[in-house]
Amino acid sequence: MQQHAATTSAHKRALIAGSIGNFIEWYEFAVYGFLATVIAQNFFRLEGEGELTSLILTYASFAVAFFFRPLGAVVFGRMGDRIGRKPTLIVVLVCMTLATAAIGLVPVYASIGVAAPLIVTGLRILQGLFAGGEYGGAVSLMTEFAPRGKRGLYGAWQSFTVALGLLAGAGIVALLSVLLSPEALYDWGWRIPFFIALPMGGVALWLRVSMEETPGFVRQQQQTGHAAPVKASTGATIKNILVAIGRVMVWSAAGYTYLVIMPTYLQSALHTGFNQALLIAVISNIGFALTIIPAGMLSDRIGRRTVMVVASCLLLILALPLLKVLQAESATLAIKALVVLIAGGLVGILAGPGPAMLSEMFPTRVRYTGLGLAYSLSNALFSGCAGLIITGLIKQTGNVDIPAFYVMATAIVSIAALMTLNKNDHLKDLE
């Protein structure tokens, strides 16, 4: 009985410790996305250039950070697969927190000229590097601690804390926009959300220092002992990474389209007010949060493939109609809120089983690296570039339907890749 209670306690600590790092990471990325128009004005409004150009430069800085995530996934993933999940996740957390808080200290373009956007971009690169090392470790931690038949549920908590981070970022920016005048928000108020990362990081550090190493990693270390470690097939690992990217492509694309860049799209393309756009973003993230845990639990019962294919098909079918409702001048705020609630909910259905699905694709000896690299590459290509691609294409073509076409194109690829999943992977033990 005591052993069972100790095991249950270790599982809970692992869930919380893994979750809080993800919460901070996605809180910060949400803050940057929701403050894109403010950051563009303060750091990327170059002389002689228009507002859309400064917004594109802001999203370029956003995208650059994502392209350093795969490097972080490799560097910290190899560390996590060799020395353990716990010490690696502690290092990643401390570095990520400090880089986030540092953004709040950078002087604006008007004060130090071109050095301002360069410093911000440099800090974004560091954030991308450290964030790349977070996901693989957090998902490995949660799924390796998960009891039999509950990997979908445990992995879903990773995605759920992403939703909470996005909601916290949106909520704090919305609160500041209400409490502060536009001038104060642009002048100094935007710095507050970045400074908030410091106390969050302190709590997260305390939790991670007190957690245990995962049973899966400990078991692997005991099995290899002093013998040469078993090498994973490089070819098989690369193949799995490429397949995994295809499977999560629509999750990455739709997630950032509906949950992060939608406020800026509504403001720049549809001329929606700042506060109304933020409210709509908060509602889409609520929809996202509501479906994650149920979807993860459902995937433990009927399999990852069924749940994720259904969600991808719905995104393919509904992406354009949902966007058309948002564009309609006759649509009330309530109707727009319902539309983004549905869109966010569909992304949540992918995000629930997604972490467990990725974890099941890689053996313990390369899991941290493999699933972290697959996820970070998908995010670099289809999340980090979402704002840049969509804003750039709208500028070039004048077509405001681009966000829907972007989601639909990625859905087609993901449906094909997800159909190759084994229906019974959720029933097997992790390798």
# chains A, B, ... in the order shown; residues from 1 in each chain; ligands from 1
>>> residues_around(residues="region 380-386 of chain A", least_positions_apart="5", cutoff="10 Å", atoms="only C-alpha atoms", output="ChimeraX atom specification")
/A:59-70,128,132,245,248-257,260-261,374-375,391-392,403,406-407,410
>>> closest_atom_pairs(of="region 95-209 of chain A", to="region 35-40 of chain A", cutoff="8 Å", atoms="only C-alpha atoms", output="tab-separated table")
residue	atom	partner	partner_atom	distance
A:Val173	CA	A:Leu35	CA	7.3
A:Tyr186	CA	A:Val38	CA	5.9
A:Trp190	CA	A:Leu35	CA	7.4
>>> residues_around(residues="Glu213 (chain A)", least_positions_apart="4", cutoff="12 Å", atoms="only C-alpha atoms", output="MDAnalysis selection string")
chainID A and resid 10:11 13:14 17:18 80:81 83:90 137:138 140:142 144:145 208:209 217:221
>>> closest_residue(among="A:Leu180, A:Ala99, A:Val203, A:Leu393", to="Phe23 (chain A)", atoms="only C-alpha atoms")
A:Val203
>>> closest_residue(among="A:Asn240, A:Thr97, A:Thr397, A:Ser299", to="Thr420 (chain A)", atoms="only C-alpha atoms")
A:Asn240
>>> closest_residue(among="A:Leu55, A:Ala337, A:Val347, A:Ile196", to="Tyr258 (chain A)", atoms="only C-alpha atoms")
A:Val347
